[in-house]
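**Student:** Handing over model_24.pdb, PDB, N, CA and C atoms.
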MODEL        1
ATOM      1  N   MET F   8     103.244  91.909  94.446
ATOM      2  CA  MET F   8     101.873  92.371  94.463
ATOM      3  C   MET F   8     101.800  93.717  93.758
ATOM      4  N   SER F   9     100.801  93.904  92.925
ATOM      5  CA  SER F   9     100.656  95.155  92.200
ATOM      6  C   SER F   9      99.689  96.070  92.939
ATOM      7  N   LEU F  10      99.670  97.332  92.537
ATOM      8  CA  LEU F  10      98.737  98.268  93.143
ATOM      9  C   LEU F  10      97.300  97.878  92.854
ATOM     10  N   ASN F  11      97.056  97.219  91.730
ATOM     11  CA  ASN F  11      95.698  96.779  91.432
ATOM     12  C   ASN F  11      95.194  95.820  92.493
ATOM     13  N   ASP F  12      96.091  95.025  93.070
ATOM     14  CA  ASP F  12      95.703  94.103  94.133
ATOM     15  C   ASP F  12      95.328  94.858  95.406
ATOM     16  N   LEU F  13      95.843  96.075  95.561
ATOM     17  CA  LEU F  13      95.624  96.840  96.776
ATOM     18  C   LEU F  13      94.449  97.783  96.667
ATOM     19  N   THR F  14      93.901  97.957  95.487
ATOM     20  CA  THR F  14      92.845  98.933  95.285
ATOM     21  C   THR F  14      91.500  98.376  95.738
ATOM     22  N   PRO F  15      90.805  99.111  96.624
ATOM     23  CA  PRO F  15      89.487  98.650  97.044
ATOM     24  C   PRO F  15      88.505  98.698  95.878
ATOM     25  N   THR F  16      87.305  98.223  96.100
ATOM     26  CA  THR F  16      86.305  98.150  95.042
ATOM     27  C   THR F  16      86.005  99.518  94.441
ATOM     28  N   ASP F  17      86.250 100.585  95.180
ATOM     29  CA  ASP F  17      86.005 101.936  94.675
ATOM     30  C   ASP F  17      87.104 102.413  93.731
ATOM     31  N   ASN F  18      88.136 101.608  93.536
ATOM     32  CA  ASN F  18      89.258 101.975  92.680
ATOM     33  C   ASN F  18      89.907 103.288  93.096
ATOM     34  N   LEU F  19      90.292 103.371  94.358
ATOM     35  CA  LEU F  19      91.009 104.555  94.814
ATOM     36  C   LEU F  19      92.266 104.729  93.986
ATOM     37  N   PRO F  20      92.585 105.946  93.634
ATOM     38  CA  PRO F  20      93.755 106.183  92.795
ATOM     39  C   PRO F  20      95.068 105.867  93.509
ATOM     40  N   ASP F  21      96.064 105.543  92.700
ATOM     41  CA  ASP F  21      97.398 105.256  93.220
ATOM     42  C   ASP F  21      97.912 106.400  94.088
ATOM     43  N   GLN F  22      97.494 107.628  93.776
ATOM     44  CA  GLN F  22      97.965 108.797  94.519
ATOM     45  C   GLN F  22      97.644 108.679  96.006
ATOM     46  N   ILE F  23      96.515 108.067  96.351
ATOM     47  CA  ILE F  23      96.144 107.924  97.760
ATOM     48  C   ILE F  23      97.071 106.931  98.453
ATOM     49  N   VAL F  24      97.392 105.837  97.792
ATOM     50  CA  VAL F  24      98.348 104.868  98.337
ATOM     51  C   VAL F  24      99.689 105.567  98.560
ATOM     52  N   TYR F  25     100.099 106.363  97.577
ATOM     53  CA  TYR F  25     101.362 107.087  97.686
ATOM     54  C   TYR F  25     101.344 108.032  98.895
ATOM     55  N   VAL F  26     100.274 108.801  99.063
ATOM     56  CA  VAL F  26     100.177 109.743 100.183
ATOM     57  C   VAL F  26     100.279 109.007 101.511
ATOM     58  N   LEU F  27      99.564 107.892 101.640
ATOM     59  CA  LEU F  27      99.581 107.135 102.896
ATOM     60  C   LEU F  27     100.983 106.652 103.243
ATOM     61  N   LEU F  28     101.613 105.949 102.299
ATOM     62  CA  LEU F  28     102.946 105.400 102.566
ATOM     63  C   LEU F  28     103.984 106.505 102.734
ATOM     64  N   ASN F  29     103.880 107.551 101.944
ATOM     65  CA  ASN F  29     104.854 108.631 102.015
ATOM     66  C   ASN F  29     104.776 109.358 103.356
ATOM     67  N   LYS F  30     103.573 109.566 103.868
ATOM     68  CA  LYS F  30     103.429 110.244 105.158
ATOM     69  C   LYS F  30     103.991 109.378 106.287
ATOM     70  N   ILE F  31     103.758 108.073 106.221
ATOM     71  CA  ILE F  31     104.325 107.167 107.231
ATOM     72  C   ILE F  31     105.849 107.162 107.120
ATOM     73  N   LYS F  32     106.356 107.174 105.900
ATOM     74  CA  LYS F  32     107.805 107.138 105.674
ATOM     75  C   LYS F  32     108.498 108.348 106.281
ATOM     76  N   HIS F  33     107.851 109.497 106.242
ATOM     77  CA  HIS F  33     108.496 110.723 106.707
ATOM     78  C   HIS F  33     108.594 110.833 108.222
ATOM     79  N   GLU F  34     108.013 109.930 108.927
ATOM     80  CA  GLU F  34     108.164 109.904 110.382
ATOM     81  C   GLU F  34     109.379 109.050 110.720
ATOM     82  N   GLU F  35     110.219 109.552 111.572
ATOM     83  CA  GLU F  35     111.449 108.850 111.967
ATOM     84  C   GLU F  35     111.122 107.839 113.055
ATOM     85  N   GLY F  36     111.307 106.562 112.756
ATOM     86  CA  GLY F  36     111.011 105.519 113.727
ATOM     87  C   GLY F  36     109.513 105.354 113.908
ATOM     88  N   PRO F  37     109.095 104.468 114.817
ATOM     89  CA  PRO F  37     107.665 104.265 115.031
ATOM     90  C   PRO F  37     107.040 105.489 115.704
ATOM     91  N   ARG F  38     106.067 106.082 115.036
ATOM     92  CA  ARG F  38     105.367 107.258 115.562
ATOM     93  C   ARG F  38     103.899 107.171 115.202
ATOM     94  N   ASP F  39     103.096 107.977 115.880
ATOM     95  CA  ASP F  39     101.686 108.082 115.525
ATOM     96  C   ASP F  39     101.568 108.993 114.307
ATOM     97  N   VAL F  40     100.886 108.528 113.283
ATOM     98  CA  VAL F  40     100.701 109.294 112.053
ATOM     99  C   VAL F  40      99.198 109.442 111.827
ATOM    100  N   SER F  41      98.744 110.692 111.744
ATOM    101  CA  SER F  41      97.326 110.961 111.510
ATOM    102  C   SER F  41      97.115 111.379 110.066
ATOM    103  N   PHE F  42      95.991 110.955 109.531
ATOM    104  CA  PHE F  42      95.615 111.307 108.163
ATOM    105  C   PHE F  42      94.362 112.158 108.221
ATOM    106  N   VAL F  43      94.422 113.321 107.583
ATOM    107  CA  VAL F  43      93.292 114.236 107.517
ATOM    108  C   VAL F  43      92.892 114.417 106.063
ATOM    109  N   ALA F  44      91.670 114.866 105.840
ATOM    110  CA  ALA F  44      91.169 115.039 104.480
ATOM    111  C   ALA F  44      92.103 115.920 103.643
ATOM    112  N   GLN F  45      92.690 116.913 104.256
ATOM    113  CA  GLN F  45      93.582 117.851 103.565
ATOM    114  C   GLN F  45      94.827 117.161 102.986
ATOM    115  N   ASP F  46      95.235 116.035 103.540
ATOM    116  CA  ASP F  46      96.407 115.307 103.038
ATOM    117  C   ASP F  46      96.233 114.857 101.587
ATOM    118  N   PHE F  47      95.002 114.736 101.149
ATOM    119  CA  PHE F  47      94.728 114.126  99.851
ATOM    120  C   PHE F  47      94.432 115.151  98.754
ATOM    121  N   GLU F  48      94.830 116.383  98.973
ATOM    122  CA  GLU F  48      94.802 117.463  97.978
ATOM    123  C   GLU F  48      93.510 117.530  97.184
ATOM    124  N   GLY F  49      92.399 117.661  97.881
ATOM    125  CA  GLY F  49      91.127 117.859  97.216
ATOM    126  C   GLY F  49      90.436 116.607  96.717
ATOM    127  N   GLN F  50      91.083 115.453  96.792
ATOM    128  CA  GLN F  50      90.427 114.207  96.388
ATOM    129  C   GLN F  50      89.422 113.816  97.468
ATOM    130  N   GLN F  51      88.295 113.291  97.050
ATOM    131  CA  GLN F  51      87.282 112.839  97.995
ATOM    132  C   GLN F  51      87.686 111.466  98.538
ATOM    133  N   VAL F  52      87.974 111.412  99.818
ATOM    134  CA  VAL F  52      88.358 110.158 100.470
ATOM    135  C   VAL F  52      87.487 110.027 101.710
ATOM    136  N   ASN F  53      86.739 108.932 101.804
ATOM    137  CA  ASN F  53      85.958 108.763 103.028
ATOM    138  C   ASN F  53      86.694 107.820 103.976
ATOM    139  N   ARG F  54      86.279 107.884 105.219
ATOM    140  CA  ARG F  54      86.961 107.132 106.286
ATOM    141  C   ARG F  54      86.975 105.631 106.010
ATOM    142  N   GLU F  55      85.849 105.068 105.562
ATOM    143  CA  GLU F  55      85.770 103.626 105.344
ATOM    144  C   GLU F  55      86.742 103.171 104.260
ATOM    145  N   GLU F  56      86.803 103.914 103.157
ATOM    146  CA  GLU F  56      87.735 103.574 102.072
ATOM    147  C   GLU F  56      89.177 103.660 102.553
ATOM    148  N   LEU F  57      89.461 104.709 103.314
ATOM    149  CA  LEU F  57      90.815 104.906 103.810
ATOM    150  C   LEU F  57      91.218 103.780 104.763
ATOM    151  N   LEU F  58      90.318 103.405 105.664
ATOM    152  CA  LEU F  58      90.615 102.325 106.609
ATOM    153  C   LEU F  58      90.823 100.999 105.888
ATOM    154  N   GLU F  59      89.998 100.737 104.869
ATOM    155  CA  GLU F  59      90.158  99.506 104.096
ATOM    156  C   GLU F  59      91.521  99.482 103.409
ATOM    157  N   LEU F  60      91.894 100.589 102.825
ATOM    158  CA  LEU F  60      93.181 100.659 102.134
ATOM    159  C   LEU F  60      94.343 100.542 103.115
ATOM    160  N   LEU F  61      94.261 101.215 104.259
ATOM    161  CA  LEU F  61      95.308 101.092 105.277
ATOM    162  C   LEU F  61      95.443  99.649 105.747
ATOM    163  N   ASN F  62      94.322  98.984 105.977
ATOM    164  CA  ASN F  62      94.371  97.584 106.405
ATOM    165  C   ASN F  62      95.022  96.701 105.345
ATOM    166  N   ARG F  63      94.703  96.933 104.086
ATOM    167  CA  ARG F  63      95.318  96.141 103.014
ATOM    168  C   ARG F  63      96.821  96.398 102.934
ATOM    169  N   LEU F  64      97.218  97.645 103.069
ATOM    170  CA  LEU F  64      98.654  97.969 103.035
ATOM    171  C   LEU F  64      99.384  97.322 104.215
ATOM    172  N   LYS F  65      98.756  97.366 105.381
ATOM    173  CA  LYS F  65      99.364  96.755 106.570
ATOM    174  C   LYS F  65      99.455  95.238 106.409
ATOM    175  N   GLN F  66      98.364  94.600 105.970
ATOM    176  CA  GLN F  66      98.354  93.148 105.787
ATOM    177  C   GLN F  66      99.357  92.711 104.722
ATOM    178  N   SER F  67      99.623  93.577 103.760
ATOM    179  CA  SER F  67     100.589  93.261 102.706
ATOM    180  C   SER F  67     102.024  93.508 103.149
ATOM    181  N   GLY F  68     102.194  94.037 104.361
ATOM    182  CA  GLY F  68     103.532  94.218 104.909
ATOM    183  C   GLY F  68     104.226  95.503 104.490
ATOM    184  N   TYR F  69     103.466  96.513 104.052
ATOM    185  CA  TYR F  69     104.084  97.769 103.620
ATOM    186  C   TYR F  69     104.337  98.723 104.777
ATOM    187  N   PHE F  70     103.655  98.528 105.887
ATOM    188  CA  PHE F  70     103.962  99.268 107.105
ATOM    189  C   PHE F  70     103.487  98.452 108.298
ATOM    190  N   ILE F  71     104.000  98.818 109.466
ATOM    191  CA  ILE F  71     103.546  98.195 110.702
ATOM    192  C   ILE F  71     102.950  99.291 111.578
ATOM    193  N   GLY F  72     102.052  98.915 112.448
ATOM    194  CA  GLY F  72     101.413  99.871 113.352
ATOM    195  C   GLY F  72      99.982  99.448 113.623
ATOM    196  N   GLU F  73      99.327 100.202 114.490
ATOM    197  CA  GLU F  73      97.943  99.922 114.865
ATOM    198  C   GLU F  73      97.051 101.007 114.271
ATOM    199  N   ILE F  74      96.034 100.596 113.527
ATOM    200  CA  ILE F  74      95.154 101.533 112.837
ATOM    201  C   ILE F  74      93.962 101.861 113.729
ATOM    202  N   GLU F  75      93.721 103.171 113.906
ATOM    203  CA  GLU F  75      92.567 103.641 114.672
ATOM    204  C   GLU F  75      91.672 104.444 113.741
ATOM    205  N   SER F  76      90.363 104.270 113.868
ATOM    206  CA  SER F  76      89.433 104.903 112.927
ATOM    207  C   SER F  76      89.019 106.317 113.297
ATOM    208  N   ASN F  77      89.259 106.749 114.520
ATOM    209  CA  ASN F  77      88.866 108.093 114.941
ATOM    210  C   ASN F  77      87.400 108.363 114.656
ATOM    211  N   THR F  78      86.534 107.489 115.138
ATOM    212  CA  THR F  78      85.115 107.603 114.834
ATOM    213  C   THR F  78      84.476 108.855 115.420
ATOM    214  N   ALA F  79      85.117 109.482 116.388
ATOM    215  CA  ALA F  79      84.559 110.716 116.949
ATOM    216  C   ALA F  79      84.608 111.851 115.930
ATOM    217  N   ASN F  80      85.455 111.711 114.904
ATOM    218  CA  ASN F  80      85.564 112.673 113.814
ATOM    219  C   ASN F  80      85.882 114.090 114.284
ATOM    220  N   PRO F  81      86.947 114.251 115.089
ATOM    221  CA  PRO F  81      87.300 115.610 115.499
ATOM    222  C   PRO F  81      87.774 116.418 114.297
ATOM    223  N   GLU F  82      87.453 117.706 114.314
ATOM    224  CA  GLU F  82      87.884 118.576 113.225
ATOM    225  C   GLU F  82      88.823 119.631 113.769
ATOM    226  N   SER F  83      89.835 119.965 112.973
ATOM    227  CA  SER F  83      90.714 121.067 113.349
ATOM    228  C   SER F  83      90.781 121.981 112.143
ATOM    229  N   GLY F  84      90.123 123.098 112.227
ATOM    230  CA  GLY F  84      90.059 124.003 111.085
ATOM    231  C   GLY F  84      89.309 123.341 109.950
ATOM    232  N   SER F  85      89.946 123.279 108.781
ATOM    233  CA  SER F  85      89.288 122.680 107.616
ATOM    234  C   SER F  85      89.669 121.214 107.447
ATOM    235  N   SER F  86      90.416 120.664 108.380
ATOM    236  CA  SER F  86      90.884 119.288 108.246
ATOM    237  C   SER F  86      90.101 118.342 109.145
ATOM    238  N   THR F  87      89.493 117.353 108.538
ATOM    239  CA  THR F  87      88.780 116.332 109.280
ATOM    240  C   THR F  87      89.704 115.138 109.467
ATOM    241  N   LEU F  88      89.887 114.718 110.710
ATOM    242  CA  LEU F  88      90.740 113.578 111.014
ATOM    243  C   LEU F  88      90.038 112.307 110.554
ATOM    244  N   LEU F  89      90.694 111.558 109.661
ATOM    245  CA  LEU F  89      90.109 110.348 109.096
ATOM    246  C   LEU F  89      90.582 109.087 109.803
ATOM    247  N   ALA F  90      91.865 109.014 110.109
ATOM    248  CA  ALA F  90      92.434 107.821 110.736
ATOM    249  C   ALA F  90      93.785 108.167 111.336
ATOM    250  N   THR F  91      94.208 107.345 112.278
ATOM    251  CA  THR F  91      95.529 107.469 112.883
ATOM    252  C   THR F  91      96.164 106.096 112.929
ATOM    253  N   CYS F  92      97.437 106.026 112.620
ATOM    254  CA  CYS F  92      98.205 104.790 112.766
ATOM    255  C   CYS F  92      99.153 104.989 113.940
ATOM    256  N   LYS F  93      98.926 104.224 114.994
ATOM    257  CA  LYS F  93      99.773 104.295 116.191
ATOM    258  C   LYS F  93     101.051 103.505 115.952
ATOM    259  N   ASN F  94     102.173 104.058 116.364
ATOM    260  CA  ASN F  94     103.478 103.409 116.230
ATOM    261  C   ASN F  94     103.745 102.954 114.795
ATOM    262  N   ALA F  95     103.356 103.783 113.839
ATOM    263  CA  ALA F  95     103.509 103.433 112.423
ATOM    264  C   ALA F  95     104.963 103.532 111.986
ATOM    265  N   GLN F  96     105.353 102.581 111.169
ATOM    266  CA  GLN F  96     106.704 102.576 110.613
ATOM    267  C   GLN F  96     106.655 101.864 109.270
ATOM    268  N   ILE F  97     107.222 102.490 108.251
ATOM    269  CA  ILE F  97     107.247 101.882 106.925
ATOM    270  C   ILE F  97     108.253 100.733 106.919
ATOM    271  N   THR F  98     107.965  99.721 106.124
ATOM    272  CA  THR F  98     108.861  98.570 106.014
ATOM    273  C   THR F  98     109.710  98.699 104.751
ATOM    274  N   THR F  99     110.642  97.800 104.594
ATOM    275  CA  THR F  99     111.459  97.766 103.381
ATOM    276  C   THR F  99     110.571  97.588 102.156
ATOM    277  N   ASP F 100     109.550  96.732 102.261
ATOM    278  CA  ASP F 100     108.612  96.537 101.154
ATOM    279  C   ASP F 100     107.838  97.816 100.859
ATOM    280  N   GLY F 101     107.480  98.553 101.906
ATOM    281  CA  GLY F 101     106.772  99.818 101.721
ATOM    282  C   GLY F 101     107.631 100.839 100.997
ATOM    283  N   ARG F 102     108.909 100.900 101.367
ATOM    284  CA  ARG F 102     109.834 101.815 100.669
ATOM    285  C   ARG F 102     109.990 101.411  99.203
ATOM    286  N   ALA F 103     110.044 100.113  98.952
ATOM    287  CA  ALA F 103     110.153  99.626  97.574
ATOM    288  C   ALA F 103     108.897  99.998  96.778
ATOM    289  N   MET F 104     107.724  99.886  97.406
ATOM    290  CA  MET F 104     106.473 100.263  96.749
ATOM    291  C   MET F 104     106.486 101.751  96.403
ATOM    292  N   LEU F 105     106.930 102.592  97.337
ATOM    293  CA  LEU F 105     107.011 104.027  97.063
ATOM    294  C   LEU F 105     107.945 104.313  95.894
ATOM    295  N   ASN F 106     109.100 103.666  95.888
ATOM    296  CA  ASN F 106     110.047 103.867  94.784
ATOM    297  C   ASN F 106     109.437 103.433  93.458
ATOM    298  N   ALA F 107     108.732 102.314  93.450
ATOM    299  CA  ALA F 107     108.108 101.822  92.219
ATOM    300  C   ALA F 107     107.029 102.788  91.739
ATOM    301  N   MET F 108     106.290 103.385  92.681
ATOM    302  CA  MET F 108     105.234 104.331  92.303
ATOM    303  C   MET F 108     105.835 105.635  91.815
ATOM    304  N   TYR F 109     106.865 106.107  92.502
ATOM    305  CA  TYR F 109     107.463 107.401  92.172
ATOM    306  C   TYR F 109     108.207 107.349  90.846
ATOM    307  N   PHE F 110     108.868 106.239  90.600
ATOM    308  CA  PHE F 110     109.692 106.113  89.388
ATOM    309  C   PHE F 110     109.011 105.304  88.296
ATOM    310  N   LYS F 111     107.675 105.160  88.378
ATOM    311  CA  LYS F 111     106.983 104.349  87.377
ATOM    312  C   LYS F 111     107.019 105.052  86.012
ATOM    313  N   PRO F 112     107.238 104.288  84.938
ATOM    314  CA  PRO F 112     107.322 104.892  83.606
ATOM    315  C   PRO F 112     106.007 105.544  83.201
ATOM    316  N   VAL F 113     106.145 106.631  82.471
ATOM    317  CA  VAL F 113     104.955 107.385  82.031
ATOM    318  C   VAL F 113     104.453 106.851  80.713
TER     319      VAL F 113
ENDMDL
END
As structure tokens - that is how I would like this structure written.
**Tutor:**
Amino acid sequence: MSLNDLTPTDNLPDQIVYVLLNKIKHEEGPRDVSFVAQDFEGQQVNREELLELLNRLKQSGYFIGEIESNTANPESGSSTLLATCKNAQITTDGRAMLNAMYFKPV
């Protein structure tokens, strides 16, 4: 499956997919991983787009866990909580996707 298959209708950039998988990867074992607006380095990401992309990544087998939307929208400083993945853990396919994105030819 290519990244084009994973991109929602808004054509979210590959960088957002990379941020999501990379943040999940950096947690040791199954852990809760929260995504805040600040994670995306100034890119405009709304909750609905992020949830759609997380669901597609999960359905494609790139990570396991339970996705929560955090509809209460708590804020901490300048970071707005967009979503949380409970017991998130990257899969072998997810690691392969990260490697393909990181080492993709220019």
**Student:** Go through F:Leu57, F:Leu89, F:Ala44, F:Leu28 and flag the residue nearest Tyr69 in chain F, using only N, CA and C atoms for the distances.
**Tutor:**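 Selected residue with least distance to Tyr69 in chain F: F:Leu28.
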**Student:** Counting all atoms listed in the file, which residue out of F:Tyr25, F:Phe70, F:Ala90, F:Pro37 sits closest to Arg54 in chain F?
**Tutor:**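 Ranked by minimum distance to Arg54 in chain F, first place goes to F:Ala90.
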**Student:** Using only C-alpha atoms for the distances, tell me which of F:Glu73, F:Phe42, F:Lys32, F:Gln51 is nearest to Thr99 in chain F.
**Tutor:** F:Lys32
**Student:** Give me the residues near Arg38 in chain F as a PyMOL selection string, where near means some atom within 7 Å (using only N, CA and C atoms) and where sequence neighbours in that chain fewer than 4 positions away do not count.
**Tutor:** chain F and resi 34+92-96
**Student:** For N, CA and C atoms, I'd like the residues from the last selection saved as a tab-separated table (two decimals), in the coordinates of the input.
**Tutor:**
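Result file is result-v1.tsv:
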chain	number	residue	atom	x	y	z
F	34	GLU	N	108.01	109.93	108.93
F	34	GLU	CA	108.16	109.90	110.38
F	34	GLU	C	109.38	109.05	110.72
F	92	CYS	N	97.44	106.03	112.62
F	92	CYS	CA	98.20	104.79	112.77
F	92	CYS	C	99.15	104.99	113.94
F	93	LYS	N	98.93	104.22	114.99
F	93	LYS	CA	99.77	104.30	116.19
F	93	LYS	C	101.05	103.50	115.95
F	94	ASN	N	102.17	104.06	116.36
F	94	ASN	CA	103.48	103.41	116.23
F	94	ASN	C	103.74	102.95	114.80
F	95	ALA	N	103.36	103.78	113.84
F	95	ALA	CA	103.51	103.43	112.42
F	95	ALA	C	104.96	103.53	111.99
F	96	GLN	N	105.35	102.58	111.17
F	96	GLN	CA	106.70	102.58	110.61
F	96	GLN	C	106.66	101.86	109.27
**Student:** Just so the selection is clear, what residues does the PyMOL selection byres ((chain F and resi 45) around 8) cover here, as a list of chain:residue names?
**Tutor:** F:Phe42, F:Val43, F:Ala44, F:Asp46, F:Phe47, F:Glu48, F:Gly49, F:Gln50, F:Ser85, F:Ser86, F:Thr87, F:Leu88, F:Leu89
**Student:** Could you tell me how far atom C of Glu55 in chain F sits from CA of Gly36 in chain F, in Å to one decimal place?
**Tutor:**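 The value is 26.2 Å.
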**Student:** Quick one: pull the distance between atom C of Asp100 in chain F and CA of Gly68 in chain F, Å, one decimal.
**Tutor:**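 Separating atom C of Asp100 in chain F from CA of Gly68 in chain F is a distance of 6.9 Å.
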